[in-house]
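A.B. asks: Handing over structure12.cif, mmCIF, C-alpha atoms.
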```
data_work
#
loop_
_atom_site.label_atom_id
_atom_site.label_comp_id
_atom_site.auth_asym_id
_atom_site.auth_seq_id
_atom_site.Cartn_x
_atom_site.Cartn_y
_atom_site.Cartn_z
CA MET E 784 -22.02 -3.80 -15.20
CA THR E 785 -20.30 -2.43 -18.31
CA SER E 786 -19.13 1.05 -19.17
CA ALA E 787 -22.11 1.49 -21.48
CA THR E 788 -24.50 1.48 -18.52
CA LEU E 789 -22.62 3.98 -16.36
CA THR E 790 -20.85 7.29 -16.78
CA THR E 791 -18.17 7.13 -19.48
CA GLU E 792 -15.83 9.52 -17.65
CA VAL E 793 -13.93 6.47 -16.41
CA PRO E 794 -15.05 3.25 -18.10
CA ILE E 795 -15.87 0.10 -16.15
CA TYR E 796 -14.94 -3.34 -17.46
CA PRO E 797 -16.08 -6.72 -16.14
CA GLY E 798 -12.59 -8.21 -15.94
CA LEU E 799 -8.91 -7.78 -16.70
CA SER E 800 -9.11 -9.73 -19.96
CA ALA E 801 -10.69 -6.67 -21.57
CA LEU E 802 -7.59 -4.58 -20.78
CA ALA E 803 -4.67 -7.01 -20.78
CA GLU E 804 -3.61 -6.48 -24.40
CA ARG E 805 -3.09 -2.76 -23.80
CA TYR E 806 -0.19 -3.40 -21.40
CA ASP E 807 2.96 -5.46 -21.08
CA ALA E 808 3.34 -5.19 -17.30
CA PHE E 809 1.19 -4.65 -14.23
CA ILE E 810 2.11 -3.22 -10.82
CA ILE E 811 -0.43 -4.86 -8.52
CA ASP E 812 -1.55 -3.96 -5.02
CA LEU E 813 -2.07 -6.84 -2.60
CA TRP E 814 -4.49 -6.06 0.23
CA GLY E 815 -8.00 -5.48 -1.14
CA VAL E 816 -6.96 -6.66 -4.60
CA MET E 817 -5.30 -10.07 -4.19
CA HIS E 818 -6.47 -10.88 -0.64
CA ASP E 819 -8.50 -9.57 2.29
CA GLY E 820 -5.76 -9.95 4.88
CA LEU E 821 -6.90 -13.46 5.76
CA ASN E 822 -7.47 -15.31 2.49
CA ALA E 823 -6.54 -14.91 -1.15
CA TYR E 824 -9.29 -14.08 -3.64
CA PRO E 825 -9.39 -17.13 -5.95
CA ALA E 826 -10.48 -15.03 -8.95
CA ALA E 827 -7.53 -12.68 -8.40
CA VAL E 828 -5.05 -15.58 -8.26
CA GLU E 829 -6.56 -16.96 -11.45
CA ALA E 830 -6.23 -13.56 -13.15
CA LEU E 831 -2.57 -13.35 -12.19
CA GLY E 832 -2.03 -16.79 -13.70
CA GLN E 833 -3.75 -15.65 -16.89
CA LEU E 834 -1.42 -12.66 -17.10
CA ARG E 835 1.57 -14.99 -16.76
CA ALA E 836 0.19 -17.24 -19.49
CA ALA E 837 -0.24 -14.20 -21.75
CA GLY E 838 3.41 -13.27 -21.30
CA LYS E 839 2.76 -10.23 -19.12
CA LYS E 840 5.14 -9.15 -16.34
CA SER E 841 3.80 -8.53 -12.85
CA ILE E 842 5.07 -6.86 -9.69
CA PHE E 843 3.32 -6.94 -6.34
CA LEU E 844 3.75 -3.48 -4.82
CA SER E 845 2.46 -3.46 -1.27
CA ASN E 846 2.24 -0.78 1.39
CA ALA E 847 2.65 -3.49 4.03
CA PRO E 848 5.17 -2.47 6.73
CA ARG E 849 7.11 -5.72 6.49
CA ARG E 850 10.12 -7.12 4.63
CA ALA E 851 9.45 -8.49 1.15
CA GLY E 852 10.35 -12.07 2.08
CA VAL E 853 7.92 -12.06 4.98
CA ILE E 854 5.13 -10.85 2.70
CA ALA E 855 5.87 -13.52 0.09
CA ARG E 856 5.65 -16.26 2.71
CA ARG E 857 2.41 -14.85 4.11
CA ASN E 858 0.97 -14.63 0.58
CA ALA E 859 1.70 -18.33 0.10
CA GLU E 860 -0.09 -19.15 3.36
CA MET E 861 -3.16 -17.29 2.10
CA GLY E 862 -3.10 -19.07 -1.27
CA ILE E 863 -0.94 -16.87 -3.54
CA PRO E 864 2.02 -18.87 -4.93
CA GLU E 865 5.36 -17.19 -4.16
CA ASP E 866 6.59 -17.67 -7.73
CA LEU E 867 3.51 -16.31 -9.49
CA PRO E 868 4.44 -12.59 -9.62
CA ASP E 869 7.79 -11.76 -11.20
CA HIS E 870 8.76 -9.41 -8.37
CA LEU E 871 7.56 -8.17 -4.98
CA LEU E 872 8.31 -4.81 -3.35
CA SER E 873 6.94 -3.31 -0.14
CA SER E 874 6.96 -0.03 1.72
CA GLY E 875 8.44 -1.91 4.68
CA GLU E 876 11.33 -3.19 2.60
CA ASP E 877 11.96 0.32 1.28
CA ALA E 878 11.98 1.80 4.80
CA TRP E 879 14.24 -1.01 6.12
CA GLN E 880 16.74 -0.51 3.30
CA HIS E 881 16.93 3.23 4.04
CA LEU E 882 17.46 2.57 7.75
CA LYS E 883 20.10 -0.02 6.91
CA THR E 884 22.14 2.02 4.43
CA ARG E 885 21.52 5.62 5.65
CA ALA E 886 22.05 6.57 2.01
CA ASP E 887 20.65 10.12 2.27
CA ALA E 888 21.16 13.07 4.59
CA TRP E 889 17.75 12.77 6.26
CA TYR E 890 18.49 9.26 7.48
CA ARG E 891 22.05 10.04 8.46
CA ALA E 892 20.72 12.78 10.74
CA LEU E 893 18.30 10.52 12.63
CA GLY E 894 20.51 9.29 15.42
CA THR E 895 20.44 5.70 16.66
CA ARG E 896 17.72 5.42 19.32
CA CYS E 897 14.41 4.34 17.79
CA TYR E 898 10.97 3.86 19.28
CA HIS E 899 9.02 1.33 17.20
CA LEU E 900 5.27 1.86 17.13
CA GLY E 901 3.76 -1.30 15.73
CA PRO E 902 2.42 -4.79 16.53
CA GLU E 903 4.59 -7.80 17.23
CA ARG E 904 3.99 -9.17 13.72
CA ASP E 905 6.09 -6.25 12.41
CA TYR E 906 9.12 -6.97 14.59
CA GLY E 907 10.97 -8.38 11.60
CA MET E 908 11.52 -4.74 10.65
CA ARG E 909 13.95 -4.53 13.59
CA GLU E 910 16.16 -7.39 12.48
CA GLY E 911 19.52 -6.81 10.84
CA LEU E 912 19.71 -3.09 11.62
CA GLU E 913 23.11 -2.83 13.26
CA GLY E 914 23.57 0.55 14.87
CA VAL E 915 19.87 1.05 15.63
CA ASP E 916 18.94 0.75 19.31
CA PHE E 917 15.21 0.04 19.80
CA VAL E 918 14.18 1.68 23.07
CA GLU E 919 11.17 0.92 25.27
CA ALA E 920 10.25 4.51 26.17
CA LEU E 921 9.47 7.37 23.80
CA SER E 922 11.37 9.70 26.15
CA GLU E 923 14.58 7.84 25.23
CA ALA E 924 14.05 7.96 21.46
CA GLU E 925 15.62 10.12 18.77
CA PHE E 926 13.11 9.06 16.13
CA ILE E 927 9.96 6.95 15.63
CA LEU E 928 9.48 3.97 13.30
CA ASN E 929 5.74 3.75 12.68
CA THR E 930 4.50 0.45 11.24
CA GLY E 931 0.92 0.62 12.49
CA ILE E 932 -1.57 0.24 15.29
CA LEU E 933 -1.20 -2.20 18.18
CA ASN E 934 -4.80 -3.46 18.32
CA ASP E 935 -7.19 -4.09 15.44
CA HIS E 936 -9.92 -1.68 16.52
CA ASP E 937 -7.74 1.23 17.58
CA VAL E 938 -8.40 4.70 16.13
CA VAL E 939 -6.12 7.71 15.78
CA GLU E 940 -7.32 9.17 19.07
CA THR E 941 -6.14 6.01 20.84
CA TYR E 942 -2.62 7.35 20.22
CA ARG E 943 -3.26 11.02 20.96
CA ALA E 944 -1.02 11.17 24.04
CA PHE E 945 1.76 9.31 22.22
CA LEU E 946 1.57 11.53 19.12
CA ASP E 947 1.46 14.71 21.18
CA ALA E 948 4.51 13.57 23.16
CA GLY E 949 6.41 12.94 19.93
CA LEU E 950 5.41 16.35 18.61
CA GLU E 951 6.54 18.03 21.81
CA ARG E 952 9.96 16.41 21.50
CA LYS E 953 10.09 17.14 17.73
CA LEU E 954 10.87 13.51 16.94
CA PRO E 955 11.02 12.67 13.22
CA MET E 956 8.79 9.77 12.17
CA ILE E 957 9.38 7.09 9.55
CA CYS E 958 6.07 5.85 8.13
CA ALA E 959 6.51 2.32 6.74
CA ASN E 960 2.92 2.06 5.50
CA PRO E 961 1.29 5.15 3.93
CA ASP E 962 -2.18 3.53 3.76
CA LEU E 963 -4.84 5.22 5.86
CA ILE E 964 -7.24 2.26 6.10
CA VAL E 965 -7.33 -1.40 5.11
CA MET E 966 -9.84 -4.24 5.08
CA ARG E 967 -9.04 -7.21 7.36
CA GLY E 968 -11.65 -9.77 6.39
CA ASP E 969 -14.93 -7.84 6.61
CA GLU E 970 -13.55 -5.33 9.13
CA MET E 971 -11.96 -1.98 8.30
CA GLU E 972 -9.02 -0.72 10.38
CA ILE E 973 -6.63 2.21 10.27
CA CYS E 974 -3.01 1.86 9.18
CA ALA E 975 0.27 3.58 10.01
CA GLY E 976 -0.51 6.26 7.43
CA ALA E 977 -3.48 7.52 9.44
CA LEU E 978 -1.24 8.13 12.45
CA ALA E 979 1.53 9.66 10.33
CA LEU E 980 -0.89 11.99 8.54
CA ASP E 981 -2.24 13.28 11.85
CA TYR E 982 1.34 13.74 13.10
CA GLU E 983 2.35 15.64 9.95
CA GLN E 984 -0.77 17.82 9.93
CA LYS E 985 0.05 18.92 13.48
CA GLY E 986 3.58 19.93 12.51
CA GLY E 987 5.52 16.70 12.84
CA GLU E 988 8.23 15.65 10.40
CA VAL E 989 7.38 12.45 8.51
CA ARG E 990 9.40 10.45 5.98
CA TRP E 991 6.95 8.43 3.88
CA HIS E 992 7.77 5.13 2.16
CA GLY E 993 5.63 3.35 -0.43
CA LYS E 994 2.73 4.40 -2.61
CA PRO E 995 2.00 7.07 -3.82
CA HIS E 996 5.55 8.37 -3.40
CA PRO E 997 7.57 8.26 -6.64
CA GLU E 998 10.72 6.59 -5.32
CA VAL E 999 9.08 3.19 -5.03
CA TYR E 1000 7.74 3.41 -8.60
CA ARG E 1001 11.23 4.14 -9.89
CA SER E 1002 12.29 0.88 -8.25
CA CYS E 1003 9.48 -0.91 -10.11
CA PHE E 1004 10.51 0.59 -13.44
CA ALA E 1005 14.07 -0.62 -12.86
CA LEU E 1006 12.73 -4.15 -12.43
CA LEU E 1007 10.71 -3.74 -15.64
CA GLU E 1008 13.69 -2.57 -17.67
CA GLY E 1009 12.90 -2.31 -21.37
CA ILE E 1010 9.14 -1.85 -20.94
CA ASP E 1011 7.90 1.60 -21.88
CA PRO E 1012 5.85 3.29 -19.11
CA SER E 1013 2.99 3.71 -21.58
CA ARG E 1014 2.68 -0.10 -21.52
CA ILE E 1015 2.59 -0.38 -17.72
CA ALA E 1016 -0.57 -0.18 -15.58
CA ALA E 1017 -1.00 -0.11 -11.82
CA ILE E 1018 -3.90 -2.05 -10.26
CA GLY E 1019 -5.20 -1.06 -6.84
CA ASP E 1020 -8.20 -0.19 -4.68
CA SER E 1021 -7.02 3.14 -3.23
CA LEU E 1022 -7.33 6.44 -5.07
CA ARG E 1023 -4.95 8.11 -2.63
CA THR E 1024 -2.12 5.59 -3.03
CA ASP E 1025 -2.56 3.35 -6.08
CA VAL E 1026 -4.22 5.78 -8.50
CA ALA E 1027 -2.39 8.90 -7.31
CA GLY E 1028 0.96 7.09 -7.39
CA ALA E 1029 0.37 5.82 -10.91
CA GLN E 1030 -0.70 9.26 -12.09
CA ALA E 1031 2.37 10.93 -10.58
CA SER E 1032 4.60 8.31 -12.18
CA GLY E 1033 3.09 8.70 -15.65
CA ILE E 1034 1.45 5.28 -15.97
CA SER E 1035 -2.12 4.04 -16.33
CA SER E 1036 -4.19 2.92 -13.35
CA ILE E 1037 -6.92 0.30 -12.98
CA PHE E 1038 -9.09 0.91 -9.94
CA ILE E 1039 -10.65 -2.05 -8.08
CA ALA E 1040 -14.07 -0.78 -6.97
CA GLY E 1041 -14.82 -3.72 -4.68
CA GLY E 1042 -11.89 -3.05 -2.34
CA ILE E 1043 -11.87 -0.48 0.44
CA HIS E 1044 -14.57 1.54 -1.36
CA GLY E 1045 -16.78 -1.47 -2.07
CA GLU E 1046 -19.51 -0.59 0.42
CA GLU E 1047 -19.50 3.07 -0.60
CA LEU E 1048 -19.88 2.08 -4.27
CA GLY E 1049 -22.52 -0.56 -3.60
CA VAL E 1050 -20.49 -3.34 -5.23
CA ASP E 1051 -22.37 -6.63 -4.91
CA SER E 1052 -21.02 -10.19 -4.95
CA GLU E 1053 -21.49 -10.43 -8.72
CA GLY E 1054 -19.53 -7.27 -9.36
CA LEU E 1055 -22.43 -4.94 -10.11
CA ILE E 1056 -21.76 -1.34 -9.06
CA ASP E 1057 -24.41 1.13 -7.95
CA PRO E 1058 -24.56 3.64 -10.83
CA GLU E 1059 -25.45 6.72 -8.79
CA ALA E 1060 -22.83 6.01 -6.13
CA TYR E 1061 -20.21 5.40 -8.80
CA ALA E 1062 -21.03 8.58 -10.74
CA ALA E 1063 -20.79 10.69 -7.58
CA PHE E 1064 -17.57 8.96 -6.49
CA ILE E 1065 -15.76 9.47 -9.80
CA SER E 1066 -16.97 13.04 -10.15
CA ALA E 1067 -15.58 13.93 -6.72
CA ALA E 1068 -12.34 11.96 -7.09
CA GLU E 1069 -9.16 14.05 -6.98
CA TRP E 1070 -7.27 11.28 -8.78
CA LYS E 1071 -9.15 9.57 -11.60
CA PRO E 1072 -8.15 6.12 -12.79
CA THR E 1073 -7.81 5.05 -16.40
CA ALA E 1074 -10.30 2.23 -15.99
CA VAL E 1075 -12.33 0.43 -13.31
CA LEU E 1076 -12.90 -3.25 -12.50
CA PRO E 1077 -15.33 -4.45 -9.84
CA PHE E 1078 -12.77 -7.01 -8.61
CA MET E 1079 -9.40 -8.35 -9.67
CA ARG E 1080 -10.63 -11.07 -12.00
CA TRP E 1081 -9.97 -12.21 -15.51
#
```
Mind turning the file's structure into structure tokens?
C.D. replies:
Amino acid sequence: MTSATLTTEVPIYPGLSALAERYDAFIIDLWGVMHDGLNAYPAAVEALGQLRAAGKKSIFLSNAPRRAGVIARRNAEMGIPEDLPDHLLSSGEDAWQHLKTRADAWYRALGTRCYHLGPERDYGMREGLEGVDFVEALSEAEFILNTGILNDHDVVETYRAFLDAGLERKLPMICANPDLIVMRGDEMEICAGALALDYEQKGGEVRWHGKPHPEVYRSCFALLEGIDPSRIAAIGDSLRTDVAGAQASGISSIFIAGGIHGEELGVDSEGLIDPEAYAAFISAAEWKPTAVLPFMRW
């Protein structure tokens, strides 16, 4: 469905080829854009290859709570070549680097005893952090590293006793994934950000890493040295992280309608978007993208 058939407040294009010449570099989300957590989207991989062929720079910017190298290897397993994007950054890498270097006063004040809330697949976040003692009981901790839920179908209330205990002890929390929800295959699950947001709303202290927070975009701009921000666009499926982060950083944003909002927007397998659902969605959106694609495709 083209922009001519829907509201023109934010135009819709069938594929990235219609927008590629406007930009010299793209900051691209992974989950919901390049893959579904289990398999790469072939059309998205093809589009990334087309960008490379057109001489465009690309950075994967993920809110995954894991080190960048781990993500690159997992991408390859799902069908995304490790050497296809020019760079890869993650919220997990950003959080790990801050824990490693203690470069600012907030981190230097944390103490050393950490309770890690997260599944075993995130344990790589513990490696190489000399001076950090990962404890087994929250009662022994001086701060919390939050990388996400333990079981796929958990909800925030699953962790109510844990969160309340952390609040009572006034433990600061590091959130290594600001996303609230994510698609894993056809299933939707909450992320570390949902727990951190609840914790913060109830008075807890949270240090956020990743999108939409500006520090991670400054890191991207450093990697894209020489490219004017007006020639950079972010591509993602979350208004709260991808679009808001791009807007705060002064760059364009391309929203993928068929990601986490695909069901809400009635996006079908061909990329057609329900016009009434789309009009209502864009009208209500706090952060409005520059353009919309149904999927990441050329």
A.B. asks: Using all atoms listed in the file, which of the listed residues (E:Ala823, E:Ala892, E:Asp916, E:Phe1078) sits closest to Asp1051 of chain E?
C.D. replies: E:Phe1078
A.B. asks: Taking only C-alpha atoms into account, name the residue in E:Asp877, E:Leu813, E:Val1075, E:Met971 that is nearest to Ala855 of chain E.
C.D. replies: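 The shortest atom-to-atom distance to Ala855 of chain E comes from E:Leu813.
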A.B. asks: Looking at all atoms listed in the file, which of E:Leu871, E:Leu799, E:Met1079, E:Ile973 is the one that sits closest to Ala837 of chain E?
C.D. replies: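 Answer, going by the shortest atom-to-atom distance: E:Leu799.
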A.B. asks: From the list E:Ala977, E:Ile1010, E:Met908, E:Ile927, which residue is nearest Lys883 of chain E when using all atoms listed in the file?
C.D. replies: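 Of the candidates, the smallest distance to Lys883 of chain E is held by E:Met908.
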A.B. asks: Evaluating the PyMOL selection byres ((chain E and resi 924) around 8) on the displayed file yields which residues, as a VMD selection string?
C.D. replies: chain E and resid 896 to 898 918 920 to 923 925 to 927 954
A.B. asks: List, as a list in words, every residue that the PyMOL selection byres ((chain E and resi 980) around 12) selects in the file provided.
C.D. replies: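 That selection, the PyMOL selection byres ((chain E and resi 980) around 12), comes back as Asn929, Val939, Leu946, Met956, Ile957, Cys958, Asn960, Pro961, Asp962, Leu963, Ile964, Ile973, Cys974, Ala975, Gly976, Ala977, Leu978, Ala979, Asp981, Tyr982, Glu983, Gln984, Lys985, Gly986, Gly987, Glu988, Val989, Arg990 and Trp991 of chain E.
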A.B. asks: Evaluate the PyMOL selection byres ((chain E and resi 1065) around 12) on the structure here and hand back the selected residues as number ranges by chain.
C.D. replies: E: 789-795, 1022, 1038, 1040, 1044, 1047-1048, 1058-1064, 1066-1075
A.B. asks: Separation of atom CA of Gly862 of chain E and atom CA of Asp1025 of chain E, in Å?
C.D. replies: 22.9 Å
A.B. asks: Rank nothing, just name the residue among E:Gly1054, E:Pro995, E:Pro955, E:Pro902 nearest to Ser845 of chain E, using only C-alpha atoms.
C.D. replies: E:Pro995
